[in-house]
Amino acid sequence: MTSKIVLVTGAGGGVATFLRAELAGRYSLRLSDQVPLKDLRDGESFVAADLTDMDAVRRAVDGVDAIVHLGAFSVEASWEVIRDANIIGTHNLYEASRQAGVRRIVFASSNHAVGFYERSETIDHTVYPRPDSRYGLSKVFGEALASLYADKYGVQSLCLRIGNVAERPLDVRRLAIWISPRDLAQLVGIGIDHPDIRFEIVYGMSDNKQAWWDNANAYRLGYRPQDRSEDYAAEVLATCPVETGDPVADRHQGGGFCSTEAGGDPTKPDLA
Ligand code: 15L
């Protein structure tokens, strides 16, 4: 284990659960969420923090070497929910880090920051954002916040535009965007330990043949994914051969996040 103390926000969530298993023994993990976690392993501690509560966030970041910021509402929701959890929460996290002298953050951005690009396009980390939801918009905010805090205050960030983290790709769309837990852990490790990161964006995907993303920036930083969605393609195509049938969802990279509410009214969210 390195002597690095790493704060993981949103530690009760699904992505963190995968990561805890992968990062066990590599770092000393300080886990944070609103509700206490009961199953702490060796090398893990817990600190309760609601990310909208700046005093609690200050306590959580105090004395850590790096942060993996997963804490967020992780799908589309009303403006108020997204604003509090993802926008105010992420701002509090960066500002508390700056104040505490924490110099490295791995920010869990999302494919939904660029979800309105079409599947016929291959995009890299330099494209202009095209959020597909208020959730995606909050991830664009987080990336921009990370950029500001790098340029102005020297807080370094690796932003991971995560596709979908799972043991295996769940459907046709996920064949393009899937990332295995161990590949995600490799990217997180680069974000924590790489000596020369100031502000970077990479895509959180495995070595997928059916990809919409050019992930050269991740490879440049040393990423060598171990898993490939292609190994599951036959199984996925046999069990889930078609997409949703909704032309907006099926044309765009963000899938159903693009079609939800399309042409509707954001003050009356359709979040079914
Ligand atoms: C995300 O960003 C979400 O957090 C996750 O729940 C999935 O919806 C994923 O994207 C996806 O696009 O599959």
# chains A, B, ... in the order shown; residues from 1 in each chain; ligands from 1
$ select_by_dssp --residues "region 127-272 of chain A" --states "strand (DSSP E)" --output "list of chain:residue names"
A:Gln156, A:Ser157, A:Leu158, A:Cys159, A:Leu160, A:Arg161, A:Ile162, A:Asn164, A:Val165, A:Trp178, A:Ile179, A:Phe199, A:Glu200, A:Ile201, A:Val202, A:Tyr203, A:Gly204
$ select_by_dssp --residues "region 69-253 of chain A" --states "alpha helix (DSSP H)" --output "PyMOL selection string"
chain A and resi 79-82+89-100+134-153+172-177+181-193+216-220+233-239+247-251
$ residues_near_ligand --ligand "ligand 1" --cutoff "6 Å" --atoms "only C-alpha atoms and all ligand atoms" --output "number ranges by chain"
A: 74-75, 110, 112, 163-164
$ atom_distance --atom1 "CA of Leu40 (chain A)" --atom2 "CA of Ala21 (chain A)"
11.1 Å
